[in-house]
file work.cif (mmCIF, C-alpha atoms; chains and numbers go by the auth columns)
data_start
loop_
_atom_site.group_PDB
_atom_site.id
_atom_site.type_symbol
_atom_site.label_atom_id
_atom_site.label_comp_id
_atom_site.label_asym_id
_atom_site.label_seq_id
_atom_site.Cartn_x
_atom_site.Cartn_y
_atom_site.Cartn_z
_atom_site.B_iso_or_equiv
_atom_site.auth_seq_id
_atom_site.auth_asym_id
ATOM 1 C CA ASN A 1 -1.800 -5.269 10.108 0.00 1 E
ATOM 2 C CA LEU A 2 -0.382 -1.848 10.757 0.00 2 E
ATOM 3 C CA GLU A 3 -0.917 1.860 10.308 0.00 3 E
ATOM 4 C CA ILE A 4 1.889 4.070 9.063 0.00 4 E
ATOM 5 C CA ALA A 5 0.749 7.651 8.797 0.00 5 E
ATOM 6 C CA ASN A 6 1.730 11.281 8.348 0.00 6 E
ATOM 7 C CA CYS A 7 5.380 10.870 7.458 0.00 7 E
ATOM 8 C CA ALA A 8 7.552 13.678 6.150 0.00 8 E
ATOM 9 C CA GLN A 9 8.579 11.386 3.301 0.00 9 E
ATOM 10 C CA TYR A 10 7.600 7.818 2.406 0.00 10 E
ATOM 11 C CA CYS A 11 5.436 5.709 4.696 0.00 11 E
ATOM 12 C CA VAL A 12 7.083 2.667 3.097 0.00 12 E
ATOM 13 C CA ALA A 13 10.157 2.550 0.878 0.00 13 E
ATOM 14 C CA ILE A 14 11.004 -0.907 -0.380 0.00 14 E
ATOM 15 C CA ALA A 15 14.349 -0.203 -1.911 0.00 15 E
ATOM 16 C CA TYR A 16 17.049 -2.347 -3.380 0.00 16 E
ATOM 17 C CA GLY A 17 15.054 -5.547 -3.801 0.00 17 E
ATOM 18 C CA GLY A 18 14.211 -8.130 -1.182 0.00 18 E
ATOM 19 C CA SER A 19 10.998 -9.795 -0.084 0.00 19 E
ATOM 20 C CA CYS A 20 8.070 -8.545 2.028 0.00 20 E
ATOM 21 C CA GLN A 21 4.346 -9.035 2.597 0.00 21 E
ATOM 22 C CA PHE A 22 1.760 -6.503 3.777 0.00 22 E
ATOM 23 C CA ARG A 23 -1.768 -7.508 4.802 0.00 23 E
ATOM 24 C CA HIS A 24 -4.456 -5.164 6.088 0.00 24 E
ATOM 25 C CA CYS A 25 -2.198 -2.129 6.289 0.00 25 E
ATOM 26 C CA THR A 26 -3.143 1.527 6.064 0.00 26 E
ATOM 27 C CA PHE A 27 -0.547 3.876 4.603 0.00 27 E
ATOM 28 C CA GLY A 28 -2.024 7.351 5.012 0.00 28 E
ATOM 29 C CA ASN A 29 0.100 10.403 4.428 0.00 29 E
ATOM 30 C CA TYR A 30 -1.298 13.849 5.151 0.00 30 E
ATOM 31 C CA TRP A 31 1.992 15.360 6.337 0.00 31 E
ATOM 32 C CA ASN A 32 1.516 19.138 6.435 0.00 32 E
ATOM 33 C CA ILE A 33 4.386 20.572 8.468 0.00 33 E
ATOM 34 C CA SER A 34 6.537 21.012 5.356 0.00 34 E
ATOM 35 C CA ASN A 35 6.143 20.266 1.655 0.00 35 E
ATOM 36 C CA ARG A 36 6.206 16.492 1.202 0.00 36 E
ATOM 37 C CA THR A 37 7.416 15.573 -2.290 0.00 37 E
ATOM 38 C CA THR A 38 7.511 11.775 -2.037 0.00 38 E
ATOM 39 C CA PRO A 39 4.653 9.282 -2.432 0.00 39 E
ATOM 40 C CA SER A 40 3.375 7.251 0.504 0.00 40 E
ATOM 41 C CA VAL A 41 4.737 4.016 -0.973 0.00 41 E
ATOM 42 C CA VAL A 42 7.665 3.409 -3.325 0.00 42 E
ATOM 43 C CA VAL A 43 8.851 0.002 -4.512 0.00 43 E
ATOM 44 C CA ASN A 44 12.128 -0.404 -6.387 0.00 44 E
ATOM 45 C CA ASN A 45 14.947 -2.876 -6.973 0.00 45 E
ATOM 46 C CA TRP A 46 17.972 -0.635 -7.323 0.00 46 E
ATOM 47 C CA TYR A 47 20.289 1.743 -5.516 0.00 47 E
ATOM 48 C CA GLU A 48 22.303 4.622 -6.974 0.00 48 E
ATOM 49 C CA VAL A 49 25.972 3.980 -6.145 0.00 49 E
ATOM 50 C CA ASP A 50 27.195 7.138 -7.857 0.00 50 E
ATOM 51 C CA ASP A 51 26.197 9.395 -10.759 0.00 51 E
ATOM 52 C CA PHE A 52 27.098 6.677 -13.269 0.00 52 E
ATOM 53 C CA THR A 53 26.339 3.403 -11.493 0.00 53 E
ATOM 54 C CA ASN A 54 23.172 1.731 -10.268 0.00 54 E
ATOM 55 C CA GLU A 55 23.282 -1.465 -8.231 0.00 55 E
ATOM 56 C CA VAL A 56 20.297 -3.703 -9.065 0.00 56 E
ATOM 57 C CA ARG A 57 18.979 -6.600 -6.958 0.00 57 E
ATOM 58 C CA ASP A 58 16.077 -9.016 -7.271 0.00 58 E
ATOM 59 C CA LEU A 59 12.769 -7.961 -5.774 0.00 59 E
ATOM 60 C CA THR A 60 11.513 -11.485 -5.158 0.00 60 E
ATOM 61 C CA ALA A 61 8.227 -10.330 -3.589 0.00 61 E
ATOM 62 C CA ALA A 62 6.562 -7.126 -2.455 0.00 62 E
ATOM 63 C CA ASN A 63 2.947 -8.118 -1.951 0.00 63 E
ATOM 64 C CA PHE A 64 0.196 -5.856 -0.659 0.00 64 E
ATOM 65 C CA TYR A 65 -3.169 -7.433 0.180 0.00 65 E
ATOM 66 C CA ASN A 66 -6.249 -5.664 1.577 0.00 66 E
ATOM 67 C CA CYS A 67 -4.292 -2.421 2.030 0.00 67 E
ATOM 68 C CA ILE A 68 -5.113 1.275 1.695 0.00 68 E
ATOM 69 C CA ILE A 69 -2.530 3.607 0.142 0.00 69 E
ATOM 70 C CA TRP A 70 -3.787 7.181 0.359 0.00 70 E
ATOM 71 C CA GLY A 71 -2.712 10.746 1.098 0.00 71 E
ATOM 72 C CA ASN A 72 -2.852 14.370 0.027 0.00 72 E
ATOM 73 C CA LYS A 73 -0.674 14.013 -3.104 0.00 73 E
ATOM 74 C CA ASP A 74 -1.994 13.134 -6.575 0.00 74 E
ATOM 75 C CA ASN A 75 0.181 10.035 -6.661 0.00 75 E
ATOM 76 C CA GLU A 76 0.819 7.959 -3.536 0.00 76 E
ATOM 77 C CA LEU A 77 2.374 4.889 -5.200 0.00 77 E
ATOM 78 C CA VAL A 78 5.489 4.595 -7.380 0.00 78 E
ATOM 79 C CA LEU A 79 6.842 1.373 -8.888 0.00 79 E
ATOM 80 C CA ASP A 80 10.389 1.951 -10.109 0.00 80 E
ATOM 81 C CA SER A 81 12.274 -1.000 -11.569 0.00 81 E
ATOM 82 C CA ILE A 82 15.516 -1.461 -13.441 0.00 82 E
ATOM 83 C CA THR A 83 16.182 -4.731 -15.232 0.00 83 E
ATOM 84 C CA THR A 84 19.598 -4.897 -16.821 0.00 84 E
ATOM 85 C CA GLY A 85 20.204 -8.637 -16.800 0.00 85 E
ATOM 86 C CA GLY A 86 16.956 -10.376 -15.951 0.00 86 E
ATOM 87 C CA GLU A 87 16.599 -9.175 -12.358 0.00 87 E
ATOM 88 C CA LEU A 88 13.241 -9.901 -10.757 0.00 88 E
ATOM 89 C CA PHE A 89 10.668 -7.221 -9.991 0.00 89 E
ATOM 90 C CA ASN A 90 7.805 -9.107 -8.384 0.00 90 E
ATOM 91 C CA CYS A 91 5.293 -6.867 -6.673 0.00 91 E
ATOM 92 C CA PHE A 92 1.545 -7.291 -6.459 0.00 92 E
ATOM 93 C CA PHE A 93 -1.410 -5.315 -5.123 0.00 93 E
ATOM 94 C CA GLY A 94 -4.546 -7.366 -4.448 0.00 94 E
ATOM 95 C CA ASN A 95 -7.824 -6.013 -3.089 0.00 95 E
ATOM 96 C CA CYS A 96 -6.282 -2.632 -2.299 0.00 96 E
ATOM 97 C CA LEU A 97 -7.533 0.938 -2.433 0.00 97 E
ATOM 98 C CA ILE A 98 -4.796 3.034 -4.065 0.00 98 E
ATOM 99 C CA LYS A 99 -4.393 6.694 -4.945 0.00 99 E
ATOM 100 C CA THR A 100 -2.212 6.889 -8.041 0.00 100 E
ATOM 101 C CA ASP A 101 -1.839 8.652 -11.346 0.00 101 E
ATOM 102 C CA GLN A 102 0.372 5.845 -12.684 0.00 102 E
ATOM 103 C CA PRO A 103 -0.795 3.107 -15.101 0.00 103 E
ATOM 104 C CA THR A 104 -2.487 0.195 -13.313 0.00 104 E
ATOM 105 C CA THR A 105 -3.261 -2.056 -16.269 0.00 105 E
ATOM 106 C CA SER A 106 -0.495 -4.603 -15.660 0.00 106 E
ATOM 107 C CA SER A 107 -1.994 -7.840 -14.384 0.00 107 E
ATOM 108 C CA LEU A 108 1.517 -8.713 -13.216 0.00 108 E
ATOM 109 C CA HIS A 109 1.278 -6.045 -10.509 0.00 109 E
ATOM 110 C CA PHE A 110 -2.392 -5.165 -10.028 0.00 110 E
ATOM 111 C CA SER A 111 -5.428 -7.297 -9.242 0.00 111 E
ATOM 112 C CA GLN A 112 -8.706 -6.645 -10.991 0.00 112 E
ATOM 113 C CA PHE A 113 -10.217 -6.203 -7.510 0.00 113 E
ATOM 114 C CA ASN A 114 -8.347 -3.002 -6.610 0.00 114 E
ATOM 115 C CA ILE A 115 -10.053 0.381 -6.288 0.00 115 E
ATOM 116 C CA TYR A 116 -8.246 3.424 -7.669 0.00 116 E
ATOM 117 C CA ASN A 117 -8.529 7.097 -6.748 0.00 117 E
ATOM 118 C CA THR A 118 -11.670 6.747 -4.653 0.00 118 E
ATOM 119 C CA ASP A 119 -11.565 8.452 -1.259 0.00 119 E
ATOM 120 C CA PRO A 120 -11.552 5.797 1.494 0.00 120 E
ATOM 121 C CA GLU A 121 -13.603 8.148 3.713 0.00 121 E
ATOM 122 C CA PHE A 122 -11.470 8.040 6.831 0.00 122 E
ATOM 123 C CA SER A 123 -13.054 9.138 10.067 0.00 123 E
ATOM 124 C CA ASN A 124 -11.545 9.363 13.543 0.00 124 E
ATOM 125 C CA GLY A 125 -7.979 9.110 12.309 0.00 125 E
ATOM 126 C CA TYR A 126 -7.579 6.278 9.827 0.00 126 E
ATOM 127 C CA ARG A 127 -10.700 4.332 10.705 0.00 127 E
ATOM 128 C CA LEU A 128 -13.326 3.865 8.009 0.00 128 E
ATOM 129 C CA SER A 129 -16.648 5.694 7.916 0.00 129 E
ATOM 130 C CA PRO A 130 -19.824 3.569 7.647 0.00 130 E
ATOM 131 C CA THR A 131 -20.116 4.541 3.946 0.00 131 E
ATOM 132 C CA SER A 132 -16.471 3.906 3.023 0.00 132 E
ATOM 133 C CA PRO A 133 -15.888 2.158 -0.322 0.00 133 E
ATOM 134 C CA ALA A 134 -13.191 0.119 1.471 0.00 134 E
ATOM 135 C CA ARG A 135 -15.811 -1.743 3.522 0.00 135 E
ATOM 136 C CA ASN A 136 -16.591 -5.424 3.005 0.00 136 E
ATOM 137 C CA ILE A 137 -14.327 -5.943 -0.022 0.00 137 E
ATOM 138 C CA ALA A 138 -11.210 -7.564 1.458 0.00 138 E
ATOM 139 C CA ASP A 139 -9.919 -10.893 0.206 0.00 139 E
ATOM 140 C CA VAL A 140 -11.130 -13.283 2.914 0.00 140 E
ATOM 141 C CA LEU A 141 -8.272 -15.758 2.379 0.00 141 E
ATOM 142 C CA GLN A 142 -5.723 -13.000 3.095 0.00 142 E
ATOM 143 C CA SER A 143 -7.734 -11.805 6.103 0.00 143 E
ATOM 144 C CA VAL A 144 -7.424 -15.179 7.833 0.00 144 E
ATOM 145 C CA ALA A 145 -3.747 -14.372 8.508 0.00 145 E
ATOM 146 C CA VAL A 146 -4.759 -11.251 10.495 0.00 146 E
ATOM 147 C CA PRO A 147 -8.264 -11.948 11.862 0.00 147 E
ATOM 148 C CA ASN A 148 -8.247 -9.010 14.304 0.00 148 E
ATOM 149 C CA ASP A 149 -7.684 -5.347 13.473 0.00 149 E
ATOM 150 C CA LEU A 150 -5.416 -2.927 15.367 0.00 150 E
ATOM 151 C CA ASP A 151 -8.160 -2.355 17.960 0.00 151 E
ATOM 152 C CA ASN A 152 -8.348 -6.163 18.395 0.00 152 E
ATOM 153 C CA TYR A 153 -11.784 -6.173 16.747 0.00 153 E
ATOM 154 C CA ASN A 154 -12.585 -9.368 14.831 0.00 154 E
ATOM 155 C CA ARG A 155 -12.715 -8.754 11.065 0.00 155 E
ATOM 156 C CA PHE A 156 -15.221 -11.564 10.574 0.00 156 E
ATOM 157 C CA THR A 157 -18.085 -10.237 12.717 0.00 157 E
ATOM 158 C CA ASP A 158 -19.975 -8.914 9.676 0.00 158 E
ATOM 159 C CA SER A 159 -20.385 -10.106 6.090 0.00 159 E
ATOM 160 C CA GLN A 160 -16.791 -9.598 4.949 0.00 160 E
ATOM 161 C CA PRO A 161 -13.596 -7.944 6.219 0.00 161 E
ATOM 162 C CA ASP A 162 -12.753 -4.342 5.329 0.00 162 E
ATOM 163 C CA LEU A 163 -9.566 -3.014 3.722 0.00 163 E
ATOM 164 C CA GLY A 164 -6.889 -1.400 5.860 0.00 164 E
ATOM 165 C CA CYS A 165 -5.839 -1.916 9.448 0.00 165 E
ATOM 166 C CA TYR A 166 -9.221 -1.076 11.073 0.00 166 E
ATOM 167 C CA GLU A 167 -12.487 -2.948 10.703 0.00 167 E
ATOM 168 C CA GLN A 168 -15.449 -0.568 10.656 0.00 168 E
ATOM 169 C CA HIS A 169 -17.922 -1.359 13.438 0.00 169 E
#

call {"tool": "encode", "arguments": {"input": "work.cif", "output": "structure tokens"}}
result
Amino acid sequence: NLEIANCAQYCVAIAYGGSCQFRHCTFGNYWNISNRTTPSVVVNNWYEVDDFTNEVRDLTAANFYNCIIWGNKDNELVLDSITTGGELFNCFFGNCLIKTDQPTTSSLHFSQFNIYNTDPEFSNGYRLSPTSPARNIADVLQSVAVPNDLDNYNRFTDSQPDLGCYEQH
């Protein structure tokens, strides 16, 4: 339940494996002070030691539920895995709104309930407008873990919780 916004590079870089969970997060990147060349979110399981060597580690979990990944680039999400000897690359996006030009057909990584390349209609910072496509489509079971948004507004006061860190009200 957090907002990470307007970064000169990544909002989130999960690098070199590990395990993490994100619920009801908004990653919005409209950095405009210089030319941002990185996506808002990158997930990988390796590190470049030198020009000839990559160190690879298991990514046991990088799960994103009810999140918004958006910004002013054509692609705001990169999944970048190396598997040389059976290393794990377990990441999943469920009930998320994502701006990407990458393939999203893998059921290993992407839920059928995601929305792709549809403007979330932010208003007043990273809050949702009344007509936002991110309204009322969150996975309720994931929302139970974070029942209040960043303004301490209860996500369950209307029919269903919204995506991202702010409940529209």

call {"tool": "closest_residue", "arguments": {"input": "work.cif", "among": "E:Thr84, E:Gln142, E:Pro39, E:Tyr47", "to": "Asp101 in chain E", "atoms": "only C-alpha atoms"}}
result
E:Pro39

call {"tool": "resolve_selection", "arguments": {"input": "work.cif", "expression": "the PyMOL selection byres ((chain E and resi 56) around 8)", "output": "list in words"}}
result
Tyr16, Gly17, Asn45, Trp46, Tyr47, Asn54, Glu55, Arg57, Asp58, Ile82, Thr83, Thr84 and Glu87 of chain E

call {"tool": "resolve_selection", "arguments": {"input": "work.cif", "expression": "the PyMOL selection byres ((chain E and resi 25) around 9)", "output": "MDAnalysis selection string"}}
result
chainID E and resid 1:4 22:24 26:27 64:69 163:166

call {"tool": "residues_near_point", "arguments": {"input": "work.cif", "point": "(3.7, 17.4, 11.0)", "cutoff": "10 Å", "atoms": "all atoms listed in the file", "output": "ChimeraX atom specification"}}
result
/E:6-8,30-34

call {"tool": "atom_distance", "arguments": {"input": "work.cif", "atom1": "CA of Tyr153 in chain E", "atom2": "CA of Ser40 in chain E"}}
result
26.0 Å

call {"tool": "residues_near_point", "arguments": {"input": "work.cif", "point": "(3.3, 4.5, 0.8)", "cutoff": "10 Å", "atoms": "all atoms listed in the file", "output": "PyMOL selection string"}}
result
chain E and resi 4-5+7+9-14+26-29+38-43+68-71+75-78+98-99

call {"tool": "resolve_selection", "arguments": {"input": "work.cif", "expression": "the PyMOL selection byres ((chain E and resi 62) around 9)", "output": "JSON, numbers by chain"}}
result
{"E": [14, 17, 18, 19, 20, 21, 22, 43, 59, 60, 61, 63, 64, 89, 90, 91, 92, 93]}

call {"tool": "write_last_selection", "arguments": {"input": "work.cif", "atoms": "C-alpha atoms", "output": "CSV table (one decimal), in the coordinates of the input"}}
result
chain,number,residue,atom,x,y,z
E,14,ILE,CA,11.0,-0.9,-0.4
E,17,GLY,CA,15.1,-5.5,-3.8
E,18,GLY,CA,14.2,-8.1,-1.2
E,19,SER,CA,11.0,-9.8,-0.1
E,20,CYS,CA,8.1,-8.5,2.0
E,21,GLN,CA,4.3,-9.0,2.6
E,22,PHE,CA,1.8,-6.5,3.8
E,43,VAL,CA,8.9,0.0,-4.5
E,59,LEU,CA,12.8,-8.0,-5.8
E,60,THR,CA,11.5,-11.5,-5.2
E,61,ALA,CA,8.2,-10.3,-3.6
E,63,ASN,CA,2.9,-8.1,-2.0
E,64,PHE,CA,0.2,-5.9,-0.7
E,89,PHE,CA,10.7,-7.2,-10.0
E,90,ASN,CA,7.8,-9.1,-8.4
E,91,CYS,CA,5.3,-6.9,-6.7
E,92,PHE,CA,1.5,-7.3,-6.5
E,93,PHE,CA,-1.4,-5.3,-5.1

call {"tool": "atom_distance", "arguments": {"input": "work.cif", "atom1": "CA of Asn44 in chain E", "atom2": "CA of Gly94 in chain E"}}
result
18.2 Å

call {"tool": "closest_residue", "arguments": {"input": "work.cif", "among": "E:Ser129, E:Ala138, E:Ser123, E:Ser81", "to": "Asn95 in chain E", "atoms": "only C-alpha atoms"}}
result
E:Ala138

call {"tool": "residues_around", "arguments": {"input": "work.cif", "residues": "Ser132 in chain E", "least_positions_apart": "6", "cutoff": "9 Å", "atoms": "all atoms listed in the file", "output": "PyMOL selection string"}}
result
chain E and resi 119-122+168

call {"tool": "residues_around", "arguments": {"input": "work.cif", "residues": "Ile115 in chain E", "least_positions_apart": "3", "cutoff": "7 Å", "atoms": "all atoms listed in the file", "output": "list of chain:residue names"}}
result
E:Cys96, E:Leu97, E:Ile98, E:Thr118

call {"tool": "atom_distance", "arguments": {"input": "work.cif", "atom1": "CA of Ile137 in chain E", "atom2": "CA of Asp162 in chain E"}}
result
5.8 Å

call {"tool": "closest_residue", "arguments": {"input": "work.cif", "among": "E:His169, E:Leu150, E:Leu108, E:Phe113", "to": "Arg135 in chain E", "atoms": "all atoms listed in the file"}}
result
E:His169

call {"tool": "axis_aligned_box", "arguments": {"input": "work.cif", "around": "range 38-44 of chain E", "padding_each_side": "3 Å", "output": "lines of an AutoDock Vina configuration file"}}
result
center_x = 7.8
center_y = 5.7
center_z = -2.9
size_x = 14.8
size_y = 18.2
size_z = 12.9

call {"tool": "closest_residue", "arguments": {"input": "work.cif", "among": "E:Thr157, E:Thr100, E:Phe110, E:Asn136", "to": "Asn72 in chain E", "atoms": "only C-alpha atoms"}}
result
E:Thr100

call {"tool": "closest_residue", "arguments": {"input": "work.cif", "among": "E:Phe156, E:Pro147, E:Leu141, E:Asp74", "to": "Asn117 in chain E", "atoms": "only C-alpha atoms"}}
result
E:Asp74

call {"tool": "residues_around", "arguments": {"input": "work.cif", "residues": "Glu167 in chain E", "least_positions_apart": "6", "cutoff": "7 Å", "atoms": "all atoms listed in the file", "output": "list in words"}}
result
Asp149, Tyr153, Arg155 and Pro161 of chain E
